[in-house]
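Student: Sharing a structure with you now.
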Amino acid sequence: QVQLVESGGGLVQPGGSLRLSCAASGSIFRINNMGWFRQAPGKERELVASINNYGTTNYADSVKDRFTISRENAKNTVYLQMNGVKAEDTAVYYCKYWRTPGPIYWGQGTQVTVSS
């Protein structure tokens with residue numbers, strides 16, 4: 001089992017910045033993937049960014065050049081630095097841990113609201 005605890009969500013003004021953190025604990029394998037997904041009201045959950053244990057990243061086109069994903073393998077923690085946020089970034093952000101093949105684990109989600 002893997003437990004994911006997210007933090008860092010909240011209210012931010014358009015153009016502002018926010019950093020999300022996700023700490024994983026439990027049966028962590030050295031080779032894994034971690035990422036951030038988001039779900040806005042009435043929409044499907046979508047990938048924001050992902051990173052594997054080698055540091056290879058993948059971003060949704062909508063957040064490229066604004067968001068940066070990073071991780072500290074020693075702490076089993078992944079971060080999402082969000083800069084230049086827009087109203088359309090408002091959503092519940094979920095941390096995900098997975099291996100291929102292997103089970104998928106989700107965090108409980110953290111609300112990000114972009115509003116003036």
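Order determines the names: the first chain of the structure tokens is A, the second B, and so forth; residues in each chain are numbered 1 upward, and ligands are numbered 1 upward as they are shown.
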Taking 6 positions as the minimum chain separation for residues in the same chain, which residues sit within 7 Å of Gly16 in chain A when counting only C-alpha atoms? Answer as a count of residues only.
Tutor: 3
Student: Hey, what's within 6 Å of range 19-22 of chain A if we count only C-alpha atoms and toss same-chain stuff fewer than 5 positions away? As a list in words, please?
Tutor: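 Close residues of range 19-22 of chain A: Val5, Glu6, Ser7, Gly8, Thr77, Val78, Tyr79, Leu80, Gln81 and Met82 of chain A.
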Student: Go ahead and save the residues from that selection, with all heavy atoms, as an mmCIF file, in the first residue's frame.
Tutor:
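This went into selection-v7.cif:
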data_model
loop_
_atom_site.group_PDB
_atom_site.id
_atom_site.type_symbol
_atom_site.label_atom_id
_atom_site.label_comp_id
_atom_site.auth_asym_id
_atom_site.auth_seq_id
_atom_site.Cartn_x
_atom_site.Cartn_y
_atom_site.Cartn_z
ATOM 1 N N VAL A 5 -0.146 12.138 0.676
ATOM 2 C CA VAL A 5 -0.687 13.275 1.412
ATOM 3 C C VAL A 5 -0.308 14.550 0.672
ATOM 4 O O VAL A 5 0.875 14.867 0.532
ATOM 5 C CB VAL A 5 -0.160 13.319 2.852
ATOM 6 C CG1 VAL A 5 -0.710 14.540 3.581
ATOM 7 C CG2 VAL A 5 -0.536 12.043 3.599
ATOM 8 N N GLU A 6 -1.323 15.262 0.218
ATOM 9 C CA GLU A 6 -1.111 16.496 -0.539
ATOM 10 C C GLU A 6 -1.246 17.704 0.377
ATOM 11 O O GLU A 6 -1.977 17.679 1.366
ATOM 12 C CB GLU A 6 -2.139 16.607 -1.665
ATOM 13 C CG GLU A 6 -2.083 15.487 -2.662
ATOM 14 C CD GLU A 6 -3.448 14.939 -2.988
ATOM 15 O OE1 GLU A 6 -4.336 15.060 -2.114
ATOM 16 O OE2 GLU A 6 -3.644 14.391 -4.072
ATOM 17 N N SER A 7 -0.598 18.785 -0.008
ATOM 18 C CA SER A 7 -0.718 20.043 0.729
ATOM 19 C C SER A 7 -0.381 21.190 -0.210
ATOM 20 O O SER A 7 0.207 20.974 -1.287
ATOM 21 C CB SER A 7 0.209 20.067 1.944
ATOM 22 O OG SER A 7 1.566 19.925 1.546
ATOM 23 N N GLY A 8 -0.766 22.392 0.188
ATOM 24 C CA GLY A 8 -0.387 23.582 -0.554
ATOM 25 C C GLY A 8 -1.473 24.238 -1.363
ATOM 26 O O GLY A 8 -1.251 25.287 -1.957
ATOM 27 N N THR A 77 8.786 12.673 -2.322
ATOM 28 C CA THR A 77 7.891 13.820 -2.415
ATOM 29 C C THR A 77 7.967 14.432 -3.814
ATOM 30 O O THR A 77 9.049 14.560 -4.380
ATOM 31 C CB THR A 77 8.262 14.880 -1.363
ATOM 32 O OG1 THR A 77 8.129 14.296 -0.060
ATOM 33 C CG2 THR A 77 7.356 16.092 -1.464
ATOM 34 N N VAL A 78 6.804 14.793 -4.321
ATOM 35 C CA VAL A 78 6.716 15.464 -5.605
ATOM 36 C C VAL A 78 6.086 16.837 -5.396
ATOM 37 O O VAL A 78 5.229 17.007 -4.531
ATOM 38 C CB VAL A 78 5.909 14.619 -6.624
ATOM 39 C CG1 VAL A 78 4.457 14.457 -6.188
ATOM 40 C CG2 VAL A 78 5.986 15.214 -8.013
ATOM 41 N N TYR A 79 6.541 17.808 -6.180
ATOM 42 C CA TYR A 79 6.063 19.171 -6.069
ATOM 43 C C TYR A 79 5.505 19.644 -7.407
ATOM 44 O O TYR A 79 5.905 19.167 -8.468
ATOM 45 C CB TYR A 79 7.217 20.112 -5.673
ATOM 46 C CG TYR A 79 7.942 19.695 -4.425
ATOM 47 C CD1 TYR A 79 9.118 18.942 -4.501
ATOM 48 C CD2 TYR A 79 7.463 20.039 -3.162
ATOM 49 C CE1 TYR A 79 9.794 18.549 -3.364
ATOM 50 C CE2 TYR A 79 8.142 19.644 -2.021
ATOM 51 C CZ TYR A 79 9.306 18.898 -2.132
ATOM 52 O OH TYR A 79 9.965 18.506 -0.994
ATOM 53 N N LEU A 80 4.595 20.591 -7.328
ATOM 54 C CA LEU A 80 4.100 21.265 -8.523
ATOM 55 C C LEU A 80 4.162 22.765 -8.257
ATOM 56 O O LEU A 80 3.389 23.279 -7.453
ATOM 57 C CB LEU A 80 2.666 20.845 -8.861
ATOM 58 C CG LEU A 80 2.121 21.437 -10.164
ATOM 59 C CD1 LEU A 80 2.861 20.820 -11.364
ATOM 60 C CD2 LEU A 80 0.623 21.196 -10.293
ATOM 61 N N GLN A 81 5.082 23.440 -8.920
ATOM 62 C CA GLN A 81 5.188 24.879 -8.824
ATOM 63 C C GLN A 81 4.308 25.483 -9.905
ATOM 64 O O GLN A 81 4.519 25.237 -11.102
ATOM 65 C CB GLN A 81 6.637 25.325 -9.010
ATOM 66 C CG GLN A 81 6.836 26.829 -8.957
ATOM 67 C CD GLN A 81 6.521 27.421 -7.599
ATOM 68 O OE1 GLN A 81 6.900 26.888 -6.565
ATOM 69 N NE2 GLN A 81 5.814 28.557 -7.601
ATOM 70 N N MET A 82 3.329 26.260 -9.466
ATOM 71 C CA MET A 82 2.362 26.837 -10.380
ATOM 72 C C MET A 82 2.595 28.339 -10.442
ATOM 73 O O MET A 82 2.410 29.034 -9.446
ATOM 74 C CB MET A 82 0.939 26.541 -9.889
ATOM 75 C CG MET A 82 0.689 25.057 -9.652
ATOM 76 S SD MET A 82 -0.849 24.723 -8.737
ATOM 77 C CE MET A 82 -2.060 25.397 -9.848
#
Student: Could you go through chain A and tell me which residues DSSP, when run on the backbone, assigns to strand (DSSP E), listing them as number ranges by chain?
Tutor: A: 2-7, 10-12, 18-26, 33-39, 46-52, 57-59, 67-72, 77-82, 91-98, 104-106, 110-114
Student: Using 12 Å as the limit and counting only C-alpha atoms, can you tabulate each residue of range 25-81 of chain A that touches range 97-102 of chain A, with its shortest atom-to-atom distance in Å and the two atoms involved, as JSON lines?
Tutor:
{"residue": "A:Ser25", "atom": "CA", "partner": "A:Tyr97", "partner_atom": "CA", "distance": 10.5}
{"residue": "A:Gly26", "atom": "CA", "partner": "A:Tyr97", "partner_atom": "CA", "distance": 11.6}
{"residue": "A:Ser27", "atom": "CA", "partner": "A:Tyr97", "partner_atom": "CA", "distance": 11.2}
{"residue": "A:Ile28", "atom": "CA", "partner": "A:Tyr97", "partner_atom": "CA", "distance": 9.3}
{"residue": "A:Phe29", "atom": "CA", "partner": "A:Arg99", "partner_atom": "CA", "distance": 8.3}
{"residue": "A:Arg30", "atom": "CA", "partner": "A:Arg99", "partner_atom": "CA", "distance": 9.9}
{"residue": "A:Ile31", "atom": "CA", "partner": "A:Arg99", "partner_atom": "CA", "distance": 7.3}
{"residue": "A:Asn32", "atom": "CA", "partner": "A:Arg99", "partner_atom": "CA", "distance": 5.0}
{"residue": "A:Asn33", "atom": "CA", "partner": "A:Trp98", "partner_atom": "CA", "distance": 5.3}
{"residue": "A:Met34", "atom": "CA", "partner": "A:Tyr97", "partner_atom": "CA", "distance": 4.6}
{"residue": "A:Gly35", "atom": "CA", "partner": "A:Tyr97", "partner_atom": "CA", "distance": 6.7}
{"residue": "A:Trp36", "atom": "CA", "partner": "A:Tyr97", "partner_atom": "CA", "distance": 9.2}
{"residue": "A:Phe37", "atom": "CA", "partner": "A:Tyr97", "partner_atom": "CA", "distance": 10.9}
{"residue": "A:Ser50", "atom": "CA", "partner": "A:Tyr97", "partner_atom": "CA", "distance": 9.6}
{"residue": "A:Ile51", "atom": "CA", "partner": "A:Tyr97", "partner_atom": "CA", "distance": 10.0}
{"residue": "A:Asn52", "atom": "CA", "partner": "A:Arg99", "partner_atom": "CA", "distance": 9.5}
{"residue": "A:Asn53", "atom": "CA", "partner": "A:Arg99", "partner_atom": "CA", "distance": 10.5}
{"residue": "A:Asn76", "atom": "CA", "partner": "A:Tyr97", "partner_atom": "CA", "distance": 10.3}
{"residue": "A:Thr77", "atom": "CA", "partner": "A:Tyr97", "partner_atom": "CA", "distance": 10.5}
{"residue": "A:Val78", "atom": "CA", "partner": "A:Tyr97", "partner_atom": "CA", "distance": 9.9}
Student: Please report the interatomic distance between CA of Asp61 in chain A and CA of Ala49 in chain A in Å with one decimal.
Tutor: 9.6 Å
Student: If you run DSSP on the backbone here, which positions in chain A get helix (DSSP H, G or I)? Please write them as a PyMOL selection string.
Tutor: chain A and resi 73-75+87-89
Student: Suppose we keep N, CA, C and O atoms; can you now write the selection as a PDB file, in the first residue's frame?
Tutor:
ATOM      1  N   ASN A  73      13.576  12.338  -4.464  1.00  0.00           N
ATOM      2  CA  ASN A  73      13.454  10.887  -4.296  1.00  0.00           C
ATOM      3  C   ASN A  73      13.732  10.453  -2.859  1.00  0.00           C
ATOM      4  O   ASN A  73      13.093   9.535  -2.347  1.00  0.00           O
ATOM      5  N   ALA A  74      14.671  11.118  -2.206  1.00  0.00           N
ATOM      6  CA  ALA A  74      15.010  10.744  -0.836  1.00  0.00           C
ATOM      7  C   ALA A  74      13.837  10.945   0.119  1.00  0.00           C
ATOM      8  O   ALA A  74      13.726  10.269   1.142  1.00  0.00           O
ATOM      9  N   LYS A  75      12.960  11.889  -0.228  1.00  0.00           N
ATOM     10  CA  LYS A  75      11.794  12.176   0.614  1.00  0.00           C
ATOM     11  C   LYS A  75      10.508  11.614   0.028  1.00  0.00           C
ATOM     12  O   LYS A  75       9.431  11.805   0.599  1.00  0.00           O
ATOM     13  N   ALA A  87      -7.723  31.598 -14.255  1.00  0.00           N
ATOM     14  CA  ALA A  87      -8.994  31.140 -13.714  1.00  0.00           C
ATOM     15  C   ALA A  87      -9.274  29.693 -14.117  1.00  0.00           C
ATOM     16  O   ALA A  87      -9.828  28.915 -13.329  1.00  0.00           O
ATOM     17  N   GLU A  88      -8.883  29.324 -15.320  1.00  0.00           N
ATOM     18  CA  GLU A  88      -9.126  27.962 -15.801  1.00  0.00           C
ATOM     19  C   GLU A  88      -8.271  26.910 -15.110  1.00  0.00           C
ATOM     20  O   GLU A  88      -8.446  25.715 -15.342  1.00  0.00           O
ATOM     21  N   ASP A  89      -7.343  27.322 -14.267  1.00  0.00           N
ATOM     22  CA  ASP A  89      -6.568  26.369 -13.465  1.00  0.00           C
ATOM     23  C   ASP A  89      -7.315  25.955 -12.197  1.00  0.00           C
ATOM     24  O   ASP A  89      -6.852  25.068 -11.471  1.00  0.00           O
TER      25      ASP A  89
END
Student: One decimal, in Å: what's the spacing between CA of Ser115 in chain A and CA of Arg66 in chain A?
Tutor: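 Straight-line distance from CA of Ser115 in chain A to CA of Arg66 in chain A works out to 17.1 Å.
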Student: For the atom pair CA of Gln39 in chain A and CA of Val2 in chain A, what is the interatomic distance in Å to one decimal place?
Tutor: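 Straight-line distance from CA of Gln39 in chain A to CA of Val2 in chain A works out to 21.6 Å.
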Student: Between A:Glu72, A:Gly10, A:Arg45, A:Phe67, which has the minimum distance to Val112 in chain A (counting only C-alpha atoms)?
Tutor: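 Of the candidates, the smallest distance to Val112 in chain A is held by A:Gly10.
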Student: Which one of A:Tyr93, A:Ala23, A:Ser116, A:Gln111 sits closest to Arg38 in chain A if you count only C-alpha atoms?
Tutor: A:Tyr93
